[in-house]
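So this block is model_29.txt, compact mmCIF, C-alpha atoms:
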```txt
# COMPACT_ATOMS: atom_id res chain seq x y z
CA MET A 22 -105.90 -47.16 7.71
CA LYS A 23 -107.57 -48.10 10.98
CA LYS A 24 -109.53 -51.30 11.30
CA LEU A 25 -113.14 -51.00 12.40
CA TYR A 26 -114.98 -53.51 14.56
CA ILE A 27 -118.59 -53.65 13.41
CA THR A 28 -121.51 -55.80 14.48
CA LEU A 29 -124.57 -56.50 12.37
CA CYS A 30 -126.54 -55.98 15.62
CA PHE A 31 -130.34 -55.79 15.10
CA MET A 32 -130.41 -54.74 11.49
CA LEU A 33 -129.53 -56.50 8.27
CA ALA A 34 -128.66 -54.40 5.23
CA GLY A 35 -128.57 -55.42 1.59
CA MET A 36 -125.37 -54.45 -0.13
CA ALA A 37 -126.03 -52.65 -3.41
CA VAL A 38 -123.28 -53.42 -5.90
CA THR A 39 -124.46 -51.90 -9.16
CA ALA A 40 -124.09 -48.46 -10.72
CA GLN A 41 -121.28 -47.44 -8.41
CA ASP A 42 -118.54 -45.14 -9.66
CA LYS A 43 -115.73 -43.00 -8.27
CA SER A 44 -118.15 -40.28 -7.18
CA THR A 45 -119.87 -42.66 -4.77
CA ALA A 46 -116.78 -44.51 -3.54
CA GLU A 47 -116.64 -42.76 -0.16
CA ALA A 48 -120.37 -43.12 0.45
CA ASP A 49 -120.36 -46.75 -0.66
CA LYS A 50 -117.58 -47.57 1.79
CA LEU A 51 -119.46 -45.91 4.65
CA TYR A 52 -122.59 -47.86 3.73
CA ALA A 53 -120.57 -51.08 3.60
CA ARG A 54 -119.42 -50.31 7.15
CA PHE A 55 -123.07 -49.92 8.23
CA GLU A 56 -122.40 -46.24 9.00
CA TYR A 57 -125.74 -45.18 7.56
CA VAL A 58 -125.89 -41.65 8.99
CA ASP A 59 -122.53 -40.70 7.51
CA ALA A 60 -123.30 -42.62 4.31
CA ALA A 61 -126.45 -40.55 3.79
CA LYS A 62 -124.45 -37.35 4.18
CA ALA A 63 -121.88 -38.57 1.67
CA TYR A 64 -124.51 -39.57 -0.89
CA GLN A 65 -126.11 -36.15 -0.42
CA ASP A 66 -122.78 -34.58 -1.35
CA VAL A 67 -122.57 -36.41 -4.70
CA LYS A 68 -122.93 -33.62 -7.24
CA ASP A 69 -124.55 -35.48 -10.14
CA LYS A 70 -127.09 -37.77 -8.53
CA THR A 71 -128.07 -40.92 -10.40
CA PRO A 72 -130.90 -43.41 -9.74
CA TYR A 73 -128.32 -45.48 -7.86
CA VAL A 74 -127.52 -42.56 -5.54
CA TYR A 75 -131.22 -41.92 -4.95
CA LYS A 76 -131.77 -45.58 -4.06
CA MET A 77 -128.81 -45.63 -1.69
CA LEU A 78 -130.04 -42.47 0.00
CA GLY A 79 -133.41 -44.15 0.45
CA ASP A 80 -131.75 -47.29 1.85
CA SER A 81 -129.51 -45.31 4.20
CA TYR A 82 -132.48 -43.51 5.71
CA TYR A 83 -134.55 -46.72 5.73
CA ASN A 84 -131.90 -48.40 7.88
CA VAL A 85 -132.11 -45.67 10.53
CA PHE A 86 -135.91 -45.41 10.19
CA ASN A 87 -135.98 -41.82 8.96
CA SER A 88 -139.18 -42.40 7.00
CA LYS A 89 -139.57 -38.79 5.84
CA GLU A 90 -136.17 -38.72 4.13
CA ALA A 91 -136.47 -42.31 2.91
CA VAL A 92 -139.76 -41.50 1.14
CA LYS A 93 -138.22 -38.42 -0.46
CA TRP A 94 -135.32 -40.33 -2.01
CA TYR A 95 -137.20 -43.52 -2.90
CA ALA A 96 -139.62 -41.30 -4.85
CA GLU A 97 -136.67 -40.11 -6.95
CA ALA A 98 -135.16 -43.58 -7.28
CA THR A 99 -138.38 -45.19 -8.52
CA LYS A 100 -138.68 -42.77 -11.43
CA THR A 101 -136.53 -45.43 -13.09
CA PRO A 102 -137.04 -49.21 -12.65
CA GLN A 103 -135.75 -50.66 -9.38
CA ASP A 104 -135.52 -54.11 -7.80
CA ALA A 105 -138.59 -55.52 -6.07
CA GLU A 106 -137.29 -55.01 -2.53
CA THR A 107 -136.85 -51.28 -3.13
CA TYR A 108 -140.57 -50.96 -3.90
CA TYR A 109 -141.34 -52.94 -0.72
CA ARG A 110 -139.14 -50.69 1.41
CA TYR A 111 -140.67 -47.62 -0.22
CA ALA A 112 -144.15 -48.92 0.66
CA GLN A 113 -143.13 -49.48 4.28
CA MET A 114 -141.81 -45.95 4.63
CA LEU A 115 -144.95 -44.51 2.99
CA LYS A 116 -147.08 -46.38 5.52
CA ALA A 117 -144.92 -45.01 8.32
CA GLU A 118 -145.77 -41.55 6.99
CA GLY A 119 -149.49 -42.39 6.91
CA ARG A 120 -149.67 -42.38 3.10
CA TYR A 121 -151.51 -45.67 2.74
CA ALA A 122 -152.93 -45.22 -0.77
CA ASP A 123 -149.44 -44.43 -2.09
CA ALA A 124 -148.03 -47.37 -0.14
CA ASN A 125 -150.57 -49.71 -1.77
CA ALA A 126 -149.51 -48.48 -5.21
CA GLN A 127 -145.89 -49.41 -4.43
CA MET A 128 -146.97 -52.76 -2.96
CA ARG A 129 -148.74 -53.56 -6.21
CA LYS A 130 -145.49 -52.90 -8.10
CA PHE A 131 -143.69 -55.14 -5.64
CA ALA A 132 -146.31 -57.87 -6.11
CA GLN A 133 -146.00 -57.67 -9.89
CA MET A 134 -142.25 -58.17 -9.67
CA ALA A 135 -142.29 -60.84 -6.93
CA PRO A 136 -145.69 -62.55 -7.22
CA SER A 137 -144.62 -65.69 -5.33
CA ASP A 138 -143.21 -63.76 -2.35
CA GLN A 139 -145.52 -64.48 0.59
CA ARG A 140 -145.66 -60.77 1.43
CA ALA A 141 -147.05 -60.13 -2.04
CA VAL A 142 -149.46 -63.06 -1.86
CA THR A 143 -150.84 -61.87 1.49
CA PHE A 144 -151.20 -58.29 0.29
CA MET A 145 -153.02 -59.23 -2.92
CA LYS A 146 -155.51 -61.36 -0.97
CA ASP A 147 -156.66 -58.27 0.90
CA PRO A 148 -155.03 -55.04 -0.31
CA ASP A 149 -157.62 -52.87 1.46
CA TYR A 150 -157.07 -54.39 4.90
CA LEU A 151 -156.37 -51.12 6.70
CA PRO A 152 -159.95 -49.98 7.58
CA LYS A 153 -160.62 -53.38 9.19
CA LEU A 154 -157.36 -53.23 11.09
CA LYS A 155 -158.10 -49.71 12.37
CA ASN A 156 -161.56 -50.75 13.53
CA GLN A 157 -160.75 -54.06 15.21
CA ALA A 158 -161.46 -54.31 18.94
CA LYS A 159 -158.74 -52.79 21.09
CA LEU A 160 -156.69 -55.43 22.91
CA PHE A 161 -154.57 -53.17 25.11
CA ASP A 162 -154.42 -49.74 26.65
CA GLU A 163 -151.18 -47.82 26.39
CA LYS A 164 -149.17 -45.69 28.81
CA VAL A 165 -145.75 -44.16 28.31
CA LEU A 166 -143.48 -45.05 31.24
CA ASP A 167 -141.54 -42.38 33.07
CA ILE A 168 -138.51 -44.67 33.03
CA ASN A 169 -137.84 -43.71 29.40
CA ASP A 170 -134.96 -41.45 28.44
CA LYS A 171 -135.98 -38.31 26.52
CA LYS A 172 -133.08 -38.58 24.05
CA TYR A 173 -132.24 -42.25 23.64
CA GLY A 174 -134.30 -45.35 22.95
CA SER A 175 -135.28 -48.05 25.44
CA PHE A 176 -136.74 -51.43 24.48
CA GLY A 177 -136.94 -55.14 25.29
CA PRO A 178 -138.55 -54.88 28.76
CA VAL A 179 -138.81 -57.94 31.02
CA LEU A 180 -140.52 -57.98 34.42
CA THR A 181 -139.42 -60.88 36.63
CA ASN A 182 -141.30 -62.57 39.46
CA ASP A 183 -139.36 -60.58 42.07
CA ASN A 184 -140.43 -57.30 40.40
CA THR A 185 -137.05 -56.60 38.83
CA PHE A 186 -137.52 -54.74 35.56
CA TYR A 187 -134.81 -55.31 32.93
CA PHE A 188 -134.60 -53.34 29.70
CA THR A 189 -132.09 -52.32 27.04
CA SER A 190 -131.13 -48.73 26.28
CA SER A 191 -128.60 -46.59 24.43
CA ARG A 192 -128.79 -43.83 27.06
CA ASN A 193 -125.26 -44.28 28.46
CA GLU A 194 -123.39 -41.34 26.90
CA ALA A 195 -120.16 -42.49 28.53
CA ARG A 196 -120.13 -45.33 25.99
CA ARG A 197 -118.58 -45.02 22.55
CA THR A 198 -121.02 -44.45 19.72
CA TYR A 199 -122.17 -47.00 17.17
CA GLY A 200 -121.55 -45.99 13.56
CA ALA A 201 -124.89 -47.15 12.17
CA ASN A 202 -126.93 -44.56 14.07
CA GLU A 203 -124.33 -42.51 15.97
CA GLU A 204 -125.86 -43.39 19.33
CA PRO A 205 -124.10 -45.00 22.31
CA TYR A 206 -123.72 -48.77 22.36
CA LEU A 207 -126.58 -50.62 24.06
CA ASP A 208 -126.50 -51.56 27.75
CA ILE A 209 -128.77 -53.69 29.91
CA TYR A 210 -130.45 -51.76 32.75
CA GLN A 211 -132.40 -52.87 35.78
CA ALA A 212 -134.89 -51.15 38.06
CA THR A 213 -137.43 -52.19 40.69
CA TYR A 214 -141.12 -52.09 39.80
CA ASN A 215 -142.90 -50.71 42.87
CA ALA A 216 -146.37 -51.56 44.15
CA ASP A 217 -147.69 -48.12 43.18
CA GLY A 218 -146.65 -48.65 39.53
CA SER A 219 -143.54 -46.47 39.74
CA PHE A 220 -139.95 -47.53 39.07
CA SER A 221 -136.73 -47.04 40.97
CA GLU A 222 -133.92 -45.20 39.20
CA PRO A 223 -132.55 -47.57 36.52
CA VAL A 224 -128.91 -48.64 36.80
CA PRO A 225 -126.68 -50.48 34.31
CA LEU A 226 -126.26 -54.20 34.93
CA ALA A 227 -122.50 -53.93 35.38
CA SER A 228 -121.88 -57.65 35.92
CA VAL A 229 -123.24 -58.46 32.44
CA ASN A 230 -122.61 -55.39 30.28
CA SER A 231 -119.49 -55.30 28.12
CA LYS A 232 -117.89 -52.77 25.78
CA TRP A 233 -120.13 -54.13 22.99
CA HIS A 234 -123.90 -54.04 22.48
CA ASP A 235 -125.72 -55.92 25.26
CA GLY A 236 -129.42 -56.80 25.45
CA PRO A 237 -132.28 -57.60 25.35
CA VAL A 238 -132.62 -60.28 28.05
CA ALA A 239 -134.86 -63.15 29.15
CA VAL A 240 -134.98 -64.50 32.70
CA THR A 241 -136.29 -67.88 33.85
CA ALA A 242 -139.26 -68.02 36.23
CA ASP A 243 -137.05 -68.98 39.18
CA GLY A 244 -134.92 -65.89 38.54
CA ASN A 245 -131.65 -67.85 38.41
CA THR A 246 -130.83 -67.97 34.69
CA MET A 247 -130.57 -65.10 32.23
CA TYR A 248 -130.25 -65.28 28.46
CA PHE A 249 -129.12 -62.13 26.70
CA SER A 250 -127.93 -60.85 23.34
CA SER A 251 -124.44 -59.49 22.92
CA GLU A 252 -121.76 -59.71 20.25
CA SER A 253 -119.55 -62.39 18.80
CA PHE A 254 -116.49 -60.22 19.47
CA LYS A 255 -116.62 -61.52 23.03
CA GLU A 256 -115.43 -64.81 21.58
CA ARG A 257 -112.00 -65.00 19.97
CA LYS A 258 -112.09 -65.27 16.16
CA GLU A 259 -115.88 -65.34 16.06
CA TYR A 260 -116.11 -62.80 13.24
CA GLU A 261 -115.53 -62.52 9.52
CA VAL A 262 -112.84 -60.30 7.99
CA ASP A 263 -113.81 -57.91 5.18
CA LYS A 264 -110.37 -56.95 3.89
CA GLU A 265 -111.73 -54.60 1.22
CA ASN A 266 -113.41 -52.36 3.80
CA TYR A 267 -111.00 -52.95 6.69
CA LEU A 268 -113.75 -54.54 8.77
CA LYS A 269 -114.10 -57.26 11.32
CA VAL A 270 -117.78 -58.09 10.92
CA GLY A 271 -119.37 -59.70 13.94
CA GLN A 272 -122.78 -61.13 14.63
CA VAL A 273 -125.34 -61.02 17.41
CA PHE A 274 -124.69 -63.94 19.78
CA LEU A 275 -126.74 -65.36 22.65
CA PHE A 276 -125.17 -65.74 26.08
CA ARG A 277 -126.29 -67.39 29.32
CA ALA A 278 -125.62 -66.08 32.82
CA THR A 279 -126.54 -67.56 36.19
CA ARG A 280 -127.29 -65.83 39.47
CA GLN A 281 -124.70 -66.55 42.16
CA ASN A 282 -124.98 -64.98 45.63
CA GLY A 283 -127.41 -62.42 44.24
CA GLU A 284 -125.11 -61.42 41.36
CA TRP A 285 -125.15 -62.42 37.70
CA GLY A 286 -122.03 -64.30 36.59
CA ASP A 287 -120.64 -67.41 34.89
CA ILE A 288 -121.38 -65.91 31.46
CA GLN A 289 -121.16 -68.45 28.65
CA PRO A 290 -122.14 -68.39 24.95
CA VAL A 291 -124.83 -70.86 23.92
CA PRO A 292 -123.38 -73.62 21.71
CA PHE A 293 -125.68 -72.97 18.74
CA ASN A 294 -124.16 -69.55 18.00
CA ASP A 295 -122.35 -69.36 14.67
CA LYS A 296 -120.26 -66.56 13.18
CA ARG A 297 -122.11 -66.98 9.88
CA TRP A 298 -125.40 -65.64 11.25
CA SER A 299 -127.00 -63.70 14.09
CA THR A 300 -128.63 -65.37 17.11
CA GLY A 301 -130.32 -63.06 19.60
CA ASN A 302 -133.38 -61.48 21.24
CA PRO A 303 -134.31 -64.36 23.56
CA SER A 304 -137.51 -65.30 25.40
CA ILE A 305 -137.86 -68.31 27.71
CA SER A 306 -140.99 -70.36 28.42
CA LYS A 307 -142.51 -70.51 31.91
CA ASP A 308 -141.13 -74.00 32.54
CA GLY A 309 -137.67 -72.99 31.30
CA LYS A 310 -137.61 -75.80 28.76
CA THR A 311 -138.07 -73.84 25.50
CA LEU A 312 -135.94 -70.90 24.43
CA TYR A 313 -137.26 -68.66 21.64
CA PHE A 314 -134.91 -66.40 19.70
CA ALA A 315 -134.44 -64.53 16.41
CA SER A 316 -131.88 -65.56 13.81
CA ASP A 317 -131.05 -65.31 10.11
CA ARG A 318 -129.42 -68.75 10.23
CA GLU A 319 -129.61 -71.29 7.44
CA GLY A 320 -133.23 -72.31 6.94
CA SER A 321 -134.66 -68.85 7.50
CA MET A 322 -137.29 -67.61 5.08
CA GLY A 323 -136.17 -64.92 2.66
CA GLY A 324 -132.64 -64.63 4.05
CA SER A 325 -133.70 -62.30 6.87
CA THR A 326 -134.38 -62.82 10.57
CA ASP A 327 -136.90 -65.49 11.55
CA ILE A 328 -138.12 -66.64 14.94
CA TRP A 329 -136.78 -70.00 16.13
CA LYS A 330 -137.09 -72.19 19.21
CA VAL A 331 -134.78 -74.70 20.86
CA GLU A 332 -135.25 -77.22 23.66
CA VAL A 333 -133.25 -76.52 26.82
CA THR A 334 -131.92 -79.92 27.88
CA GLY A 335 -129.57 -79.11 30.75
CA ASN A 336 -126.72 -76.93 31.97
CA ASN A 337 -126.21 -74.82 28.82
CA THR A 338 -127.06 -77.77 26.59
CA TYR A 339 -129.80 -77.71 23.96
CA GLY A 340 -131.52 -79.62 21.21
CA GLU A 341 -131.49 -78.57 17.55
CA PRO A 342 -132.99 -75.14 16.73
CA VAL A 343 -136.37 -75.33 14.97
CA ASN A 344 -137.80 -72.64 12.67
CA LEU A 345 -141.37 -71.71 13.69
CA GLY A 346 -142.44 -71.81 10.04
CA PRO A 347 -144.80 -69.68 7.91
CA LYS A 348 -147.48 -69.38 10.61
CA VAL A 349 -145.05 -66.96 12.26
CA ASN A 350 -142.23 -66.15 9.85
CA THR A 351 -142.27 -64.27 6.55
CA GLU A 352 -139.84 -63.15 3.87
CA GLY A 353 -139.57 -59.90 5.84
CA LYS A 354 -137.92 -59.39 9.21
CA ASP A 355 -139.48 -61.34 12.06
CA ASN A 356 -137.99 -60.52 15.41
CA TYR A 357 -138.31 -59.85 19.18
CA PRO A 358 -140.28 -62.92 20.34
CA PHE A 359 -141.96 -62.91 23.76
CA ILE A 360 -143.67 -66.04 25.06
CA THR A 361 -146.35 -65.69 27.76
CA ASP A 362 -147.09 -68.11 30.57
CA ASP A 363 -150.15 -69.38 28.64
CA ASN A 364 -148.13 -70.03 25.46
CA LYS A 365 -149.08 -66.98 23.44
CA LEU A 366 -146.19 -65.73 21.32
CA TYR A 367 -145.88 -62.00 20.69
CA PHE A 368 -143.44 -60.95 17.99
CA SER A 369 -142.60 -58.11 15.62
CA SER A 370 -142.68 -58.42 11.84
CA THR A 371 -142.21 -56.26 8.76
CA GLY A 372 -143.63 -58.94 6.48
CA ARG A 373 -147.33 -58.90 7.42
CA PRO A 374 -150.15 -56.41 6.80
CA GLY A 375 -149.72 -53.59 9.26
CA PHE A 376 -149.41 -49.88 9.84
CA GLY A 377 -145.82 -49.60 8.57
CA SER A 378 -142.41 -51.21 9.18
CA TYR A 379 -142.44 -53.36 12.34
CA ASP A 380 -145.84 -54.15 13.88
CA ILE A 381 -146.50 -56.43 16.85
CA TYR A 382 -148.46 -59.65 16.31
CA VAL A 383 -149.68 -62.45 18.58
CA ILE A 384 -150.26 -66.13 17.89
CA ASP A 385 -151.68 -68.72 20.31
CA LEU A 386 -149.26 -71.63 19.98
CA ALA A 387 -151.56 -73.80 22.11
CA LYS A 388 -153.92 -73.99 19.10
CA GLY A 389 -151.34 -75.84 17.01
CA THR A 390 -152.06 -75.90 13.28
CA ALA A 391 -155.26 -73.88 13.81
CA ALA A 392 -153.30 -70.93 15.17
CA GLU A 393 -153.21 -67.69 13.17
CA ALA A 394 -151.06 -64.63 13.81
CA LYS A 395 -153.06 -61.48 14.59
CA ASN A 396 -152.01 -57.85 14.46
CA VAL A 397 -152.55 -56.48 17.99
CA GLY A 398 -153.82 -53.23 16.45
CA LEU A 399 -154.12 -49.72 17.83
CA PRO A 400 -152.86 -48.13 20.02
CA VAL A 401 -149.87 -50.49 20.38
CA ASN A 402 -149.07 -50.44 16.67
CA SER A 403 -148.72 -47.29 14.60
CA GLY A 404 -146.95 -45.96 11.57
```

What's the structure tokens form of this structure?
Amino acid sequence: MKKLYITLCFMLAGMAVTAQDKSTAEADKLYARFEYVDAAKAYQDVKDKTPYVYKMLGDSYYNVFNSKEAVKWYAEATKTPQDAETYYRYAQMLKAEGRYADANAQMRKFAQMAPSDQRAVTFMKDPDYLPKLKNQAKLFDEKVLDINDKKYGSFGPVLTNDNTFYFTSSRNEARRTYGANEEPYLDIYQATYNADGSFSEPVPLASVNSKWHDGPVAVTADGNTMYFSSESFKERKEYEVDKENYLKVGQVFLFRATRQNGEWGDIQPVPFNDKRWSTGNPSISKDGKTLYFASDREGSMGGSTDIWKVEVTGNNTYGEPVNLGPKVNTEGKDNYPFITDDNKLYFSSTGRPGFGSYDIYVIDLAKGTAAEAKNVGLPVNSG
């Protein structure tokens, strides 16, 4: 049987291990390989569906953010008792579908089962937060950029001081496809942001992209250093072997590149990568001395991704990573940090009151202990 090379990339999936039997063996193996699209098809094909199958169908669709199908199957699964996290996921998918009253009902079940979970504590303090959130003053206007691809996603934009626009996209159909969502592997792209607000035709950043997932990026103010996410497979033996499922399981790693004669090169991994956890999605402070990133490393809350920072002390040398703590992080997924020149941190989270799944929040780090994270509201956030 062939060996598969799989990265955890930007999603973390719980591995269900109960109520499996021979009828779900094929689907369970696909799920274990993070091949959620094919796993969902295989679970659909199970003739006699059990609560376990319904839950796994819900989880498969949750992991590819198909909220309509996830809601359908979680509704079946929760006709019998489930674990607390299933009720939380069900609530998130209901919110994504705009069914907020139903989502609150599932959140109350979650809170009953996990009353000390900070997500439950926050919800129970203000379960009817949504009208206030919908009516808060608008912070931003919104415009869809013509640089998007109609078929494939684009995210993680960074505009540098020389008007180079970097972003990450799965639009390169010449690339092999990734089993989790059956889309091409991610590449880093660059374009020029013109004075009239238009963009030049985006091109792949060939000097940095590899055969694995690459991106998003962060670039220092002087334009000479780039940090970017890629995969641990770039480094020999930086993966774990899952013999049962014929997998080499990698992690997201952070890499550093420097600009030399106008080209990016001298690519090196940062020394605080570790094959036991992911380290990615960087953002660098204006002075270049603090690097923010997302990781599920030891010390993270709830065993999922948190936002961390580390002092940049020299030529690819750093201090010890520091967790940003409960002012920012939750027991949910906290990810995609972006630090502004005036020390405001924007980030995404699934663990705070919002419109469904990931919402974007902002916290003014200059305020220290008085700082509070705020949902940036409509129209940026949505179901």

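Taking CA of Val74 in chain A as the reference point, CA of Lys130 in chain A is found at 20.9 Å.
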
> What is the distance between CA of Ala96 in chain A and CA of Tyr109 in chain A, in Å to one decimal?
Replying inline: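 According to the coordinates, CA of Ala96 in chain A and CA of Tyr109 in chain A are separated by 12.5 Å.
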
> Using all atoms listed in the file, which residue out of A:Ile305, A:Met247, A:Leu399, A:Val383 lies closest to Lys153 in chain A?
Replying inline: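 That would be A:Leu399, the residue with the smallest distance to Lys153 in chain A.
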
> Which residue gives the smallest distance to Ser231 in chain A among A:Phe376, A:Phe249, A:Phe314, A:Tyr52, with only C-alpha atoms counted?
Replying inline: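 Counting only C-alpha atoms, the residue closest to Ser231 in chain A is A:Phe249.
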
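The nearest approach to Glu284 in chain A among the residues A:Ser253, A:Thr351, A:Asn245, A:Asn184, with only C-alpha atoms taken into account, belongs to A:Asn245.
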
> Looking at all atoms listed in the file, which of A:Met77, A:Val331, A:Ile384, A:Leu226 is the one that sits closest to Asn396 in chain A?
Replying inline: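 That would be A:Ile384, the residue with the smallest distance to Asn396 in chain A.
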
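Note that the spacing between CA of Thr361 in chain A and CA of Ser251 in chain A amounts to 23.3 Å.
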
>> Residues proximal to (-121.4, -43.7, 29.5) were defined as those with any atom within 12 Å of that point in the file's coordinates, counting only C-alpha atoms. Which are they, as an MDAnalysis selection string?
In response: chainID A and resid 190:198 204:208 224:225 227 230:232

> When distances are computed from all atoms listed in the file, which of A:Thr246, A:Ser369, A:Thr181, A:Ser403 shows the smallest separation from Gly335 in chain A?
Replying inline: A:Thr246

>> Env of Arg373 in chain A: 12 Å cut, atoms = all atoms listed in the file, seq-sep filter 3 positions within chain, self excluded. Answer as a VMD selection string.
In response: chain A and resid 109 113 138 to 148 150 to 151 347 to 355 368 to 370 376 to 383 394 to 396

>> Taking 3 positions as the minimum chain separation for residues in the same chain, which residues sit within 6 Å of Tyr187 in chain A when counting only C-alpha atoms? Answer as a list of chain:residue names.
In response: A:Pro178, A:Val179, A:Tyr210, A:Gln211

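With distances restricted to only C-alpha atoms, A:Asn302 is the closest residue to Ile360 in chain A from A:Asn282, A:Asn302, A:Asn169, A:Thr326.
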
> Could you name the residues that touch Ile168 in chain A at 9 Å or less, counting only C-alpha atoms, but leaving out those on the same chain fewer than 3 positions away, as a list of chain:residue names?
Replying inline: A:Val165, A:Ser175, A:Ala212, A:Ser219, A:Phe220, A:Ser221, A:Glu222, A:Pro223
